[in-house]
>>> print(open('data_4.cif').read())   # mmCIF, C-alpha atoms
data_run
loop_
_atom_site.label_atom_id
_atom_site.label_comp_id
_atom_site.auth_asym_id
_atom_site.auth_seq_id
_atom_site.Cartn_x
_atom_site.Cartn_y
_atom_site.Cartn_z
CA MET A 1 1.15 -2.84 73.21
CA TRP A 2 -0.21 -0.84 76.13
CA LYS A 3 -2.21 -1.36 79.31
CA ILE A 4 -5.35 -0.24 81.04
CA LYS A 5 -4.54 -1.04 84.65
CA ASP A 6 -3.63 -4.77 84.50
CA ILE A 7 -5.25 -5.42 81.10
CA THR A 8 -2.76 -5.74 78.27
CA ILE A 9 -4.00 -4.43 74.92
CA ASP A 10 -2.11 -5.62 71.85
CA SER A 11 -3.23 -2.99 69.34
CA GLU A 12 -3.30 0.80 69.46
CA VAL A 13 -6.78 0.88 67.92
CA VAL A 14 -9.90 1.21 70.08
CA LEU A 15 -13.27 0.58 68.47
CA ALA A 16 -15.57 3.43 69.43
CA PRO A 17 -18.98 3.16 71.07
CA MET A 18 -21.49 4.11 68.36
CA ALA A 19 -25.23 4.00 68.94
CA GLY A 20 -26.86 1.59 66.52
CA VAL A 21 -23.51 0.38 65.20
CA SER A 22 -21.30 -1.07 67.94
CA PHE A 23 -23.54 -4.09 68.54
CA LEU A 24 -21.96 -7.46 69.27
CA ALA A 25 -21.87 -8.75 65.69
CA TYR A 26 -20.19 -5.54 64.52
CA ARG A 27 -17.57 -5.77 67.28
CA ASP A 28 -16.90 -9.44 66.46
CA PHE A 29 -16.62 -8.53 62.77
CA MET A 30 -14.15 -5.70 63.39
CA LYS A 31 -11.95 -7.52 65.92
CA PRO A 32 -9.81 -9.54 63.42
CA PHE A 33 -8.84 -6.38 61.56
CA GLY A 34 -6.75 -5.35 64.55
CA VAL A 35 -9.03 -3.88 67.20
CA GLY A 36 -7.22 -3.86 70.54
CA LEU A 37 -10.19 -2.84 72.68
CA SER A 38 -13.89 -2.70 71.77
CA VAL A 39 -16.47 -0.49 73.46
CA SER A 40 -20.16 -1.31 73.33
CA GLU A 41 -22.79 1.15 72.21
CA MET A 42 -23.94 3.20 75.17
CA VAL A 43 -26.23 1.42 77.61
CA SER A 44 -28.79 3.23 79.76
CA ASP A 45 -28.40 2.64 83.48
CA CYS A 46 -32.17 2.99 83.92
CA GLY A 47 -32.81 0.61 81.02
CA LEU A 48 -30.89 -2.05 82.93
CA ILE A 49 -32.54 -1.22 86.24
CA TYR A 50 -36.02 -1.52 84.67
CA ASN A 51 -35.02 -4.86 83.13
CA ASN A 52 -35.56 -3.66 79.57
CA GLN A 53 -34.83 -6.71 77.39
CA THR A 54 -33.43 -4.67 74.50
CA THR A 55 -31.02 -2.93 76.87
CA LEU A 56 -29.90 -6.28 78.30
CA GLU A 57 -28.97 -7.36 74.76
CA TYR A 58 -26.44 -4.51 74.61
CA ILE A 59 -24.29 -5.99 77.39
CA LYS A 60 -23.73 -9.37 75.75
CA THR A 61 -20.19 -10.28 74.74
CA SER A 62 -18.52 -13.21 73.00
CA LYS A 63 -15.30 -15.21 73.13
CA VAL A 64 -13.93 -13.02 70.32
CA ASP A 65 -15.02 -9.76 71.90
CA HIS A 66 -12.14 -9.24 74.36
CA PRO A 67 -10.95 -7.08 75.87
CA VAL A 68 -14.29 -5.29 75.84
CA ALA A 69 -15.73 -2.32 77.70
CA ILE A 70 -19.44 -1.94 78.34
CA GLN A 71 -20.31 1.74 78.17
CA LEU A 72 -22.93 2.99 80.60
CA PHE A 73 -24.60 6.36 80.73
CA GLY A 74 -26.57 8.07 83.46
CA ASN A 75 -26.39 11.12 85.69
CA ASP A 76 -26.20 9.62 89.16
CA ALA A 77 -23.64 7.42 90.88
CA GLU A 78 -26.30 5.37 92.66
CA THR A 79 -28.12 4.32 89.49
CA ILE A 80 -24.88 3.69 87.58
CA ILE A 81 -23.64 1.49 90.43
CA LYS A 82 -26.91 -0.48 90.30
CA ALA A 83 -26.43 -0.85 86.55
CA ILE A 84 -22.88 -2.16 87.05
CA ASP A 85 -24.21 -4.84 89.42
CA ILE A 86 -26.83 -5.84 86.85
CA CYS A 87 -24.16 -6.03 84.14
CA PHE A 88 -22.10 -8.52 86.13
CA LYS A 89 -25.14 -10.48 87.25
CA ASN A 90 -25.95 -11.08 83.59
CA ASN A 91 -22.43 -11.25 82.13
CA LYS A 92 -19.30 -12.15 84.09
CA ASP A 93 -17.06 -11.62 81.04
CA ILE A 94 -16.89 -7.82 81.00
CA ASP A 95 -13.33 -6.51 81.13
CA ILE A 96 -13.92 -2.78 81.62
CA ILE A 97 -16.78 -0.45 82.55
CA ASP A 98 -16.73 2.75 80.49
CA ILE A 99 -18.77 5.78 81.52
CA ASN A 100 -20.13 8.00 78.78
CA LEU A 101 -19.25 11.62 79.54
CA GLY A 102 -19.10 12.68 75.92
CA CYS A 103 -22.44 12.13 74.21
CA PRO A 104 -23.60 15.54 72.93
CA VAL A 105 -27.10 14.53 71.79
CA PRO A 106 -29.70 16.84 73.40
CA LYS A 107 -32.02 14.05 74.58
CA VAL A 108 -29.07 12.69 76.62
CA THR A 109 -27.66 15.99 77.87
CA LYS A 110 -31.07 17.40 78.83
CA ALA A 111 -31.32 14.57 81.36
CA GLY A 112 -27.95 15.58 82.81
CA SER A 113 -26.10 12.63 81.29
CA GLY A 114 -23.32 12.37 78.70
CA SER A 115 -21.34 15.55 78.11
CA ALA A 116 -23.62 17.56 80.43
CA LEU A 117 -21.58 16.07 83.28
CA LEU A 118 -18.52 17.96 82.02
CA LYS A 119 -19.98 21.25 83.25
CA ASP A 120 -19.02 20.57 86.88
CA PRO A 121 -15.65 18.86 87.51
CA LYS A 122 -16.23 18.72 91.28
CA HIS A 123 -19.53 16.84 90.86
CA LEU A 124 -17.85 14.66 88.23
CA TYR A 125 -15.10 13.74 90.71
CA ASP A 126 -17.60 12.91 93.45
CA MET A 127 -19.69 10.74 91.13
CA MET A 128 -16.80 8.90 89.51
CA LYS A 129 -15.00 8.21 92.79
CA LEU A 130 -18.02 6.25 94.01
CA ILE A 131 -18.33 4.37 90.71
CA VAL A 132 -14.63 3.45 90.59
CA ALA A 133 -14.69 2.26 94.21
CA HIS A 134 -17.64 -0.03 93.47
CA SER A 135 -16.68 -1.49 90.09
CA PRO A 136 -15.03 -4.94 90.13
CA VAL A 137 -13.13 -4.06 86.93
CA PRO A 138 -11.24 -0.97 85.73
CA VAL A 139 -13.36 2.07 84.92
CA THR A 140 -12.64 4.29 81.93
CA CYS A 141 -14.40 7.37 80.53
CA LYS A 142 -15.01 9.11 77.25
CA ILE A 143 -15.13 12.91 77.37
CA ARG A 144 -15.10 15.94 75.08
CA LEU A 145 -13.07 19.14 75.25
CA GLY A 146 -15.90 20.69 77.22
CA TYR A 147 -19.61 21.29 77.06
CA TYR A 148 -19.50 24.91 75.89
CA ASP A 149 -17.26 26.27 73.13
CA ASP A 150 -16.12 29.08 75.41
CA ASN A 151 -15.25 26.80 78.34
CA LEU A 152 -13.07 23.96 77.14
CA ASN A 153 -12.37 22.62 80.62
CA PHE A 154 -11.02 19.21 79.58
CA LEU A 155 -7.81 19.57 81.61
CA GLU A 156 -9.82 20.23 84.75
CA ASN A 157 -12.10 17.29 84.02
CA ILE A 158 -9.17 14.98 83.27
CA LYS A 159 -7.60 15.86 86.64
CA ALA A 160 -10.93 15.19 88.37
CA LEU A 161 -11.22 11.81 86.66
CA GLU A 162 -7.63 10.83 87.40
CA ASP A 163 -8.07 11.82 91.06
CA ALA A 164 -11.27 9.75 91.15
CA GLY A 165 -9.29 6.69 90.05
CA VAL A 166 -10.33 6.05 86.46
CA SER A 167 -7.91 3.85 84.51
CA ALA A 168 -7.98 5.50 81.06
CA ILE A 169 -9.62 8.47 79.35
CA ALA A 170 -10.78 8.78 75.74
CA LEU A 171 -10.90 12.39 74.56
CA HIS A 172 -12.97 13.44 71.56
CA THR A 173 -11.48 16.79 70.59
CA ARG A 174 -14.73 18.62 69.91
CA SER A 175 -16.95 20.46 72.35
CA ALA A 176 -20.39 19.06 73.05
CA LYS A 177 -21.97 22.06 71.35
CA GLN A 178 -20.08 21.17 68.14
CA LEU A 179 -21.87 17.82 68.02
CA TYR A 180 -20.09 16.19 65.04
CA SER A 181 -19.73 19.33 62.93
CA GLY A 182 -16.61 21.28 62.07
CA VAL A 183 -13.26 19.65 62.74
CA ALA A 184 -11.69 17.90 65.68
CA HIS A 185 -9.09 20.07 67.45
CA HIS A 186 -6.30 17.65 68.33
CA GLU A 187 -3.87 20.57 68.56
CA LEU A 188 -5.61 21.69 71.77
CA ALA A 189 -4.46 18.42 73.34
CA LYS A 190 -0.83 18.70 72.15
CA ASP A 191 1.43 16.31 74.09
CA LEU A 192 -1.41 15.61 76.54
CA GLY A 193 -0.63 11.91 76.68
CA LEU A 194 2.77 12.70 78.18
CA LYS A 195 1.21 14.72 80.99
CA MET A 196 -1.51 12.33 82.10
CA LYS A 197 -1.32 9.68 84.83
CA VAL A 198 -3.46 7.23 82.85
CA PRO A 199 -3.53 6.26 79.16
CA LEU A 200 -5.04 8.74 76.73
CA ILE A 201 -7.15 7.46 73.83
CA ILE A 202 -7.60 10.14 71.19
CA SER A 203 -10.84 10.39 69.23
CA GLY A 204 -12.25 12.55 66.45
CA ASP A 205 -11.98 12.59 62.65
CA ILE A 206 -9.98 9.36 62.25
CA PHE A 207 -10.95 8.62 58.64
CA THR A 208 -7.55 7.67 57.16
CA LEU A 209 -4.25 6.19 58.27
CA GLU A 210 -2.71 9.66 58.07
CA ASP A 211 -5.41 11.00 60.38
CA ALA A 212 -4.48 8.37 62.96
CA ILE A 213 -0.76 9.01 62.64
CA ASN A 214 -1.23 12.77 63.01
CA ALA A 215 -3.65 12.51 65.95
CA LYS A 216 -1.31 10.21 67.85
CA GLU A 217 1.76 12.26 67.04
CA ILE A 218 0.15 15.56 68.11
CA THR A 219 -1.38 14.27 71.34
CA LYS A 220 1.09 11.50 72.24
CA ALA A 221 -1.91 9.29 73.01
CA SER A 222 -1.54 5.60 73.80
CA ALA A 223 -4.17 4.69 71.20
CA VAL A 224 -6.57 6.11 68.65
CA MET A 225 -10.32 5.54 68.66
CA VAL A 226 -11.87 4.63 65.31
CA ALA A 227 -15.55 5.51 64.99
CA ARG A 228 -17.41 6.65 61.85
CA GLY A 229 -14.23 6.34 59.78
CA GLY A 230 -14.27 2.57 60.18
CA VAL A 231 -17.94 2.04 59.35
CA GLY A 232 -17.88 0.58 55.86
CA ASN A 233 -14.09 0.71 55.87
CA PRO A 234 -12.98 -2.03 58.28
CA TYR A 235 -9.60 -2.25 56.58
CA LEU A 236 -8.78 1.16 58.04
CA VAL A 237 -8.34 -0.58 61.40
CA LYS A 238 -5.93 -3.03 59.77
CA GLN A 239 -3.97 -0.16 58.22
CA ILE A 240 -3.68 1.71 61.52
CA SER A 241 -2.91 -1.27 63.73
CA HIS A 242 -0.35 -2.63 61.25
CA TYR A 243 1.38 0.73 60.86
CA PHE A 244 1.78 1.30 64.59
CA LYS A 245 3.26 -2.19 64.94
CA THR A 246 5.53 -2.23 61.88
CA GLY A 247 5.77 1.25 60.35
CA GLU A 248 4.45 -0.14 57.05
CA LYS A 249 1.61 1.64 55.25
CA LEU A 250 -0.81 -0.83 53.67
CA PRO A 251 -2.62 0.32 50.50
CA LYS A 252 -6.39 0.71 50.25
CA ILE A 253 -8.22 -2.46 49.22
CA SER A 254 -10.38 -2.91 46.11
CA LEU A 255 -14.14 -2.47 46.09
CA GLU A 256 -14.51 -6.19 45.37
CA GLU A 257 -12.57 -7.05 48.54
CA ASN A 258 -14.60 -4.57 50.58
CA ILE A 259 -17.85 -6.10 49.32
CA LYS A 260 -16.69 -9.50 50.59
CA TYR A 261 -16.20 -7.96 54.02
CA MET A 262 -19.59 -6.28 53.75
CA LEU A 263 -21.33 -9.60 53.11
CA GLN A 264 -19.50 -11.12 56.05
CA LEU A 265 -20.89 -8.39 58.32
CA VAL A 266 -24.37 -8.94 56.89
CA ASP A 267 -24.18 -12.66 57.70
CA MET A 268 -22.92 -12.01 61.23
CA SER A 269 -25.66 -9.45 61.84
CA ILE A 270 -28.33 -11.87 60.60
CA ALA A 271 -26.96 -14.48 63.01
CA GLN A 272 -27.39 -12.03 65.89
CA PHE A 273 -30.68 -10.34 65.04
CA GLY A 274 -32.48 -12.50 62.48
CA GLU A 275 -32.77 -11.46 58.85
CA ILE A 276 -35.55 -8.87 59.00
CA LYS A 277 -34.06 -6.78 61.82
CA ALA A 278 -30.49 -7.21 60.59
CA ILE A 279 -31.29 -5.99 57.09
CA MET A 280 -33.05 -2.92 58.47
CA ILE A 281 -29.90 -2.11 60.45
CA MET A 282 -27.70 -2.87 57.43
CA ARG A 283 -29.59 -0.34 55.28
CA GLY A 284 -27.69 2.37 57.11
CA ILE A 285 -24.33 0.59 57.17
CA VAL A 286 -23.97 -1.35 53.90
CA PRO A 287 -23.92 1.75 51.61
CA LYS A 288 -20.87 3.02 53.50
CA PHE A 289 -18.83 0.11 52.12
CA PHE A 290 -19.00 1.89 48.75
CA ASN A 291 -17.73 5.26 50.03
CA GLY A 292 -14.54 6.42 48.35
CA TYR A 293 -15.01 4.20 45.30
CA PRO A 294 -16.00 5.81 41.96
CA ASN A 295 -19.39 5.48 40.28
CA THR A 296 -21.21 3.97 43.25
CA LYS A 297 -23.84 6.64 44.02
CA GLN A 298 -26.68 4.79 42.26
CA ILE A 299 -26.00 1.45 43.91
CA LYS A 300 -25.85 3.12 47.33
CA ASN A 301 -29.22 4.75 46.71
CA GLU A 302 -30.79 1.46 45.64
CA ILE A 303 -29.46 -0.35 48.69
CA CYS A 304 -30.76 2.34 51.06
CA GLN A 305 -34.21 2.32 49.53
CA SER A 306 -34.95 -1.27 48.65
CA ILE A 307 -33.08 -4.05 50.45
CA THR A 308 -35.36 -6.20 52.62
CA THR A 309 -33.44 -9.49 52.60
CA LYS A 310 -29.89 -10.63 52.01
CA GLN A 311 -30.99 -11.98 48.62
CA SER A 312 -32.34 -8.57 47.59
CA LEU A 313 -28.91 -7.11 48.40
CA ILE A 314 -27.20 -9.80 46.34
CA ASP A 315 -29.57 -9.12 43.45
CA ILE A 316 -28.54 -5.47 43.42
CA LEU A 317 -24.85 -6.44 43.54
CA LYS A 318 -25.39 -8.81 40.60
CA LYS A 319 -27.11 -6.05 38.64
CA TYR A 320 -23.88 -4.03 38.89
CA ASN A 321 -21.61 -7.06 38.31
CA LEU A 322 -20.29 -6.84 41.86
CA PHE A 323 -21.19 -10.31 43.10
CA SER A 324 -19.70 -13.66 42.21
CA ASP A 325 -20.67 -16.98 43.79
#
>>> encode(input="data_4.cif", output="structure tokens")
Amino acid sequence: MWKIKDITIDSEVVLAPMAGVSFLAYRDFMKPFGVGLSVSEMVSDCGLIYNNQTTLEYIKTSKVDHPVAIQLFGNDAETIIKAIDICFKNNKDIDIIDINLGCPVPKVTKAGSGSALLKDPKHLYDMMKLIVAHSPVPVTCKIRLGYYDDNLNFLENIKALEDAGVSAIALHTRSAKQLYSGVAHHELAKDLGLKMKVPLIISGDIFTLEDAINAKEITKASAVMVARGGVGNPYLVKQISHYFKTGEKLPKISLEENIKYMLQLVDMSIAQFGEIKAIMIMRGIVPKFFNGYPNTKQIKNEICQSITTKQSLIDILKKYNLFSD
């Protein structure tokens, strides 16, 4: 159990903001596995300001989805502050505002948003101080080690953010230029959690329980952030949360059990988006439920290429004797 300002969080697992993945149905699906805090996929400040209906969908929450942070991105305090006001005008049940300072994707950084803001700690401080002062709820941030490989200025940026008044910082231990390649360098943040004024959430390459244990032990973080490692493997969250509470290591579940979870996510996604849109989204997510299990390459390929409805997915599962009524 740990806290972000006055918000008590009962699990040391944070569900990462992932574009195209961390939609409301996915967050609701993952919560019972032991997610302590969920973060929405990143939301454009300008998208909210221009009243884009798709963007407004991103800020919806549910009774299950708490505590939850809505992650905003932009490059200017004024527009982010306007976006915060729009968030609360449309949804009073947001617990935390998270500012994306870590996205390395060129179309985001070229506009001066995401990890591009890590280049100038002084500007970062000035921007975040205004945002923190305006927000009615705690403000957190997600950062990277730095923008450039030869200038890993995360300690300088963390100090700027702490001085600006943010309430927690998630650190992905890659540079922006690394994108998602290579390995995360948790060793560069050794014992960092003990030196910070606010909680540290450690992110990067959390694919197994051992990864989570090692990342937390090296960095002394308050929590670990599960991103790609949990997509298709929701039980990983259960394993991590349970271990940090009890010290017990739960074994991996069977493929049959994981398929049951997969179908639950499909149903929840259909309830949010309607079948056609949900199945298009699920084409990229459902195959990941087979990762790590033997002899599943062919079924993954078929799912990627041909599912158009839930029934078509079930038909493929039946073909491989992986579905029972």
>>> closest_residue(input="data_4.cif", among="A:Leu37, A:Met128, A:Asp120, A:Ser306", to="A:Glu78", atoms="only C-alpha atoms")
A:Met128
>>> atom_distance(input="data_4.cif", atom1="atom CA of A:Asp10", atom2="atom CA of A:Lys260")
26.1 Å
>>> atom_distance(input="data_4.cif", atom1="atom CA of A:Thr54", atom2="atom CA of A:Ser115")
23.8 Å
>>> residues_near_point(input="data_4.cif", point="(-24.8, 13.4, 82.8)", cutoff="12 Å", atoms="only C-alpha atoms", output="JSON, numbers by chain")
{"A": [44, 45, 72, 73, 74, 75, 76, 77, 79, 80, 99, 100, 101, 102, 103, 104, 105, 106, 107, 108, 109, 110, 111, 112, 113, 114, 115, 116, 117, 118, 119, 120, 121, 123, 124, 127, 128, 143, 147]}
>>> resolve_selection(input="data_4.cif", expression="the PyMOL selection byres ((chain A and resi 43) around 12)", output="NGL selection string")
:A and (17-20 or 22-23 or 39-42 or 44-49 or 52-60 or 69-74 or 80 or 83-84 or 86-87 or 97-100 or 103 or 108 or 113-114)
>>> atom_distance(input="data_4.cif", atom1="atom CA of A:Ile169", atom2="atom CA of A:Asp28")
23.2 Å
>>> closest_residue(input="data_4.cif", among="A:Trp2, A:Lys82, A:Val68, A:Gly284", to="A:Tyr50", atoms="all atoms listed in the file")
A:Lys82
>>> resolve_selection(input="data_4.cif", expression="the PyMOL selection byres ((chain A and resi 204-208) around 9)", output="NGL selection string")
:A and (171-174 or 180 or 183-186 or 202-203 or 209-213 or 215 or 224-230 or 233 or 236 or 239-240)
>>> resolve_selection(input="data_4.cif", expression="the PyMOL selection byres ((chain A and resi 279) around 10)", output="compact mmCIF listing (two decimals) with C-alpha atoms, in the frame of the given file")
# COMPACT_ATOMS: atom_id res chain seq x y z
CA VAL A 266 -24.37 -8.94 56.89
CA ASP A 267 -24.18 -12.66 57.70
CA SER A 269 -25.66 -9.45 61.84
CA ILE A 270 -28.33 -11.87 60.60
CA PHE A 273 -30.68 -10.34 65.04
CA GLY A 274 -32.48 -12.50 62.48
CA GLU A 275 -32.77 -11.46 58.85
CA ILE A 276 -35.55 -8.87 59.00
CA LYS A 277 -34.06 -6.78 61.82
CA ALA A 278 -30.49 -7.21 60.59
CA MET A 280 -33.05 -2.92 58.47
CA ILE A 281 -29.90 -2.11 60.45
CA MET A 282 -27.70 -2.87 57.43
CA ARG A 283 -29.59 -0.34 55.28
CA GLY A 284 -27.69 2.37 57.11
CA ILE A 285 -24.33 0.59 57.17
CA VAL A 286 -23.97 -1.35 53.90
CA ILE A 307 -33.08 -4.05 50.45
CA THR A 308 -35.36 -6.20 52.62
CA THR A 309 -33.44 -9.49 52.60
CA LYS A 310 -29.89 -10.63 52.01
CA SER A 312 -32.34 -8.57 47.59
CA LEU A 313 -28.91 -7.11 48.40
>>> residues_near_point(input="data_4.cif", point="(-1.5, -4.6, 67.5)", cutoff="8 Å", atoms="all atoms listed in the file", output="PyMOL selection string")
chain A and resi 1+9-13+34-36+241-242+244-245
>>> axis_aligned_box(input="data_4.cif", around="stretch 261-265 of chain A", padding_each_side="8 Å", output="lines of an AutoDock Vina configuration file")
center_x = -18.8
center_y = -8.7
center_z = 55.7
size_x = 21.1
size_y = 20.8
size_z = 21.2
>>> residues_around(input="data_4.cif", residues="A:Gly193", least_positions_apart="2", cutoff="12 Å", atoms="all atoms listed in the file", output="list in words")
Leu155, Ile158, Ala168, Ile169, Ala170, Leu171, His186, Ala189, Lys190, Asp191, Lys195, Met196, Lys197, Val198, Pro199, Leu200, Ile201, Ile202, Ala215, Lys216, Glu217, Ile218, Thr219, Lys220, Ala221, Ser222, Ala223 and Val224 of chain A
>>> write_last_selection(input="data_4.cif", atoms="C-alpha atoms", output="compact mmCIF listing (two decimals), in the frame of the given file")
# COMPACT_ATOMS: atom_id res chain seq x y z
CA LEU A 155 -7.81 19.57 81.61
CA ILE A 158 -9.17 14.98 83.27
CA ALA A 168 -7.98 5.50 81.06
CA ILE A 169 -9.62 8.47 79.35
CA ALA A 170 -10.78 8.78 75.74
CA LEU A 171 -10.90 12.39 74.56
CA HIS A 186 -6.30 17.65 68.33
CA ALA A 189 -4.46 18.42 73.34
CA LYS A 190 -0.83 18.70 72.15
CA ASP A 191 1.43 16.31 74.09
CA LYS A 195 1.21 14.72 80.99
CA MET A 196 -1.51 12.33 82.10
CA LYS A 197 -1.32 9.68 84.83
CA VAL A 198 -3.46 7.23 82.85
CA PRO A 199 -3.53 6.26 79.16
CA LEU A 200 -5.04 8.74 76.73
CA ILE A 201 -7.15 7.46 73.83
CA ILE A 202 -7.60 10.14 71.19
CA ALA A 215 -3.65 12.51 65.95
CA LYS A 216 -1.31 10.21 67.85
CA GLU A 217 1.76 12.26 67.04
CA ILE A 218 0.15 15.56 68.11
CA THR A 219 -1.38 14.27 71.34
CA LYS A 220 1.09 11.50 72.24
CA ALA A 221 -1.91 9.29 73.01
CA SER A 222 -1.54 5.60 73.80
CA ALA A 223 -4.17 4.69 71.20
CA VAL A 224 -6.57 6.11 68.65
